[in-house]
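Below you'll find the structure, written out as structure tokens, and then a few comments.
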Amino acid sequence: MGLLDEVISAALGAKPTQSAPAQGQPAQDQFSQIAAALAALLAPRPGAASGGQAAPSAPQATSGGLDVLINQFKQNGLGDVINSWIGTGQNQAISPNELRQALGQKTVNDLSRQSGAPQDDLLSQLSRYLPSVIDRLTPNGQLPNQSDLRSGYRNT
């Protein structure tokens, strides 16, 4: 199990979330969906550019998912929020609507499609778990080695 897998599993806990399943989905499916979305956000496969188009020379194709995520938050006015998750102090909360703003609608659409989770459910779960996942990935305010994140990503 790679670093990212371990951190996501620890943040989500050994069992699925306690929230009610969406429209007949078992809780385990929700657990898998949020884990898949977190992995896609934090460690996209090398060579995959935003939008699913191969673009080896694009910055997003070669940089780690966490770097891209940090830049998205900063560009969309929420850099202070993600910096609180990276730093050693208290993590700032983020609402599902703020998370949609930070990620951008295209990213939300892509994550929803890839994970199979409805957008509102996905954003609700991500706003709950993303701060602790990033906090665990950045002990002492240090960003992890991006190659370690990619090597830990498993396409399940």
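Chain labels run A, B, ... following the order of the structure tokens; each chain numbers its residues from 1, and ligands are numbered from 1 in the order shown.
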
* For segment 88-100 of chain A, list every protein, DNA or RNA residue within 7 Å, evaluated using only C-alpha atoms, and leave out those in the same chain fewer than 3 positions away; present the list as a count of residues only. => 13

* **Test item: residues at most 9 Å from segment 9-11 of chain A, only C-alpha atoms, excluding those fewer than 2 positions along its chain, as JSON, numbers by chain** => {"A": [4, 5, 6, 7, 13, 14, 15, 35, 129, 130, 132, 133, 136]}

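Taking atom CA of Lys106 of chain A and atom CA of Ile82 of chain A as the two end points, the separation is 19.4 Å.
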
* Could you write out, as a PyMOL selection string, all the residues of segment 61-122 of chain A that DSSP marks as helix (DSSP H, G or I)? -> chain A and resi 61-62+65-75+79-86+96-103+105-115+119-122

Residues from last step as file, N, CA and C atoms, as a short mmCIF file (atom, residue, chain, number, x, y, z; two decimals), in the first residue's frame:
```cif
data_model
loop_
_atom_site.label_atom_id
_atom_site.label_comp_id
_atom_site.auth_asym_id
_atom_site.auth_seq_id
_atom_site.Cartn_x
_atom_site.Cartn_y
_atom_site.Cartn_z
N ALA A 61 0.25 17.63 -16.51
CA ALA A 61 0.58 16.26 -16.86
C ALA A 61 1.81 15.77 -16.12
N THR A 62 2.70 16.68 -15.75
CA THR A 62 3.94 16.26 -15.12
C THR A 62 4.03 16.60 -13.65
N GLY A 65 -0.63 15.87 -8.29
CA GLY A 65 -1.98 16.35 -8.08
C GLY A 65 -2.08 17.36 -6.95
N LEU A 66 -1.30 17.20 -5.91
CA LEU A 66 -1.35 18.13 -4.78
C LEU A 66 -0.88 19.51 -5.20
N ASP A 67 0.17 19.59 -6.01
CA ASP A 67 0.64 20.88 -6.52
C ASP A 67 -0.45 21.57 -7.33
N VAL A 68 -1.09 20.83 -8.20
CA VAL A 68 -2.16 21.37 -9.03
C VAL A 68 -3.32 21.83 -8.15
N LEU A 69 -3.67 21.04 -7.15
CA LEU A 69 -4.77 21.39 -6.25
C LEU A 69 -4.46 22.68 -5.49
N ILE A 70 -3.25 22.81 -4.98
CA ILE A 70 -2.85 24.03 -4.27
C ILE A 70 -3.00 25.24 -5.19
N ASN A 71 -2.55 25.11 -6.42
CA ASN A 71 -2.66 26.22 -7.38
C ASN A 71 -4.12 26.56 -7.68
N GLN A 72 -4.98 25.55 -7.81
CA GLN A 72 -6.40 25.80 -8.06
C GLN A 72 -7.01 26.60 -6.91
N PHE A 73 -6.72 26.21 -5.69
CA PHE A 73 -7.25 26.92 -4.53
C PHE A 73 -6.78 28.37 -4.53
N LYS A 74 -5.49 28.58 -4.79
CA LYS A 74 -4.94 29.94 -4.79
C LYS A 74 -5.56 30.79 -5.90
N GLN A 75 -5.68 30.22 -7.09
CA GLN A 75 -6.24 30.96 -8.22
C GLN A 75 -7.71 31.31 -8.00
N GLY A 79 -6.62 30.19 -1.21
CA GLY A 79 -5.28 29.77 -0.83
C GLY A 79 -5.07 29.70 0.66
N ASP A 80 -5.70 30.62 1.41
CA ASP A 80 -5.55 30.60 2.87
C ASP A 80 -6.15 29.34 3.48
N VAL A 81 -7.20 28.82 2.86
CA VAL A 81 -7.85 27.61 3.37
C VAL A 81 -6.92 26.41 3.20
N ILE A 82 -6.41 26.20 1.98
CA ILE A 82 -5.55 25.03 1.76
C ILE A 82 -4.23 25.18 2.51
N ASN A 83 -3.75 26.41 2.65
CA ASN A 83 -2.53 26.62 3.43
C ASN A 83 -2.72 26.22 4.89
N SER A 84 -3.94 26.40 5.42
CA SER A 84 -4.20 25.98 6.80
C SER A 84 -4.13 24.46 6.93
N TRP A 85 -4.49 23.74 5.88
CA TRP A 85 -4.44 22.28 5.92
C TRP A 85 -2.99 21.79 5.83
N ILE A 86 -2.17 22.53 5.09
CA ILE A 86 -0.76 22.16 4.92
C ILE A 86 0.04 22.54 6.16
N PRO A 96 -19.13 22.79 0.92
CA PRO A 96 -19.20 22.20 -0.42
C PRO A 96 -19.20 23.26 -1.53
N ASN A 97 -19.89 24.39 -1.32
CA ASN A 97 -19.90 25.44 -2.34
C ASN A 97 -18.54 26.09 -2.51
N GLU A 98 -17.82 26.31 -1.40
CA GLU A 98 -16.47 26.85 -1.48
C GLU A 98 -15.54 25.87 -2.20
N LEU A 99 -15.73 24.59 -1.93
CA LEU A 99 -14.90 23.58 -2.59
C LEU A 99 -15.17 23.57 -4.09
N ARG A 100 -16.43 23.71 -4.48
CA ARG A 100 -16.77 23.79 -5.91
C ARG A 100 -16.05 24.99 -6.53
N GLN A 101 -16.05 26.13 -5.82
CA GLN A 101 -15.36 27.33 -6.29
C GLN A 101 -13.86 27.08 -6.42
N ALA A 102 -13.28 26.43 -5.43
CA ALA A 102 -11.83 26.19 -5.43
C ALA A 102 -11.41 25.24 -6.54
N LEU A 103 -12.19 24.19 -6.75
CA LEU A 103 -11.83 23.18 -7.75
C LEU A 103 -12.19 23.61 -9.16
N GLN A 105 -15.79 24.09 -11.79
CA GLN A 105 -16.87 23.19 -12.19
C GLN A 105 -16.39 22.05 -13.07
N LYS A 106 -15.41 22.30 -13.94
CA LYS A 106 -14.91 21.23 -14.81
C LYS A 106 -14.30 20.09 -13.99
N THR A 107 -13.52 20.44 -12.98
CA THR A 107 -12.91 19.42 -12.13
C THR A 107 -13.99 18.66 -11.36
N VAL A 108 -14.97 19.37 -10.86
CA VAL A 108 -16.08 18.72 -10.14
C VAL A 108 -16.82 17.76 -11.08
N ASN A 109 -17.08 18.19 -12.30
CA ASN A 109 -17.74 17.32 -13.29
C ASN A 109 -16.91 16.06 -13.54
N ASP A 110 -15.60 16.26 -13.74
CA ASP A 110 -14.71 15.12 -14.01
C ASP A 110 -14.67 14.15 -12.83
N LEU A 111 -14.54 14.68 -11.60
CA LEU A 111 -14.49 13.82 -10.41
C LEU A 111 -15.79 13.05 -10.23
N SER A 112 -16.90 13.72 -10.46
CA SER A 112 -18.20 13.07 -10.33
C SER A 112 -18.34 11.92 -11.33
N ARG A 113 -17.93 12.20 -12.56
CA ARG A 113 -18.01 11.17 -13.60
C ARG A 113 -17.08 10.01 -13.28
N GLN A 114 -15.84 10.31 -12.88
CA GLN A 114 -14.85 9.27 -12.61
C GLN A 114 -15.22 8.41 -11.41
N SER A 115 -15.76 9.04 -10.37
CA SER A 115 -16.06 8.31 -9.14
C SER A 115 -17.44 7.68 -9.15
N GLN A 119 -22.65 14.96 -7.80
CA GLN A 119 -21.82 16.11 -7.45
C GLN A 119 -22.06 16.62 -6.04
N ASP A 120 -23.31 16.78 -5.63
CA ASP A 120 -23.58 17.32 -4.30
C ASP A 120 -23.04 16.39 -3.20
N ASP A 121 -23.24 15.09 -3.38
CA ASP A 121 -22.71 14.12 -2.41
C ASP A 121 -21.19 14.13 -2.39
N LEU A 122 -20.62 14.18 -3.57
CA LEU A 122 -19.16 14.19 -3.69
C LEU A 122 -18.56 15.41 -2.99
#
```

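Between atom CA of Gln33 of chain A and atom CA of Gly116 of chain A the interatomic distance comes to 6.6 Å.
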
* Asked: Using only C-alpha atoms, which of the listed residues (A:Gln142, A:Leu3, A:Leu137, A:Leu12) sits closest to Phe31 of chain A?
  ->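 Counting only C-alpha atoms, the residue closest to Phe31 of chain A is A:Leu12.
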
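Considering the residues A:Ala43, A:Leu38, A:Pro118, A:Gly77 and counting only C-alpha atoms, Ile8 of chain A has its shortest atom-to-atom contact with A:Leu38.
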
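With only C-alpha atoms as the atoms that count, the minimum distance from Gln30 of chain A to the choices A:Leu126, A:Pro144, A:Pro139, A:Ala117 is reached by A:Ala117.
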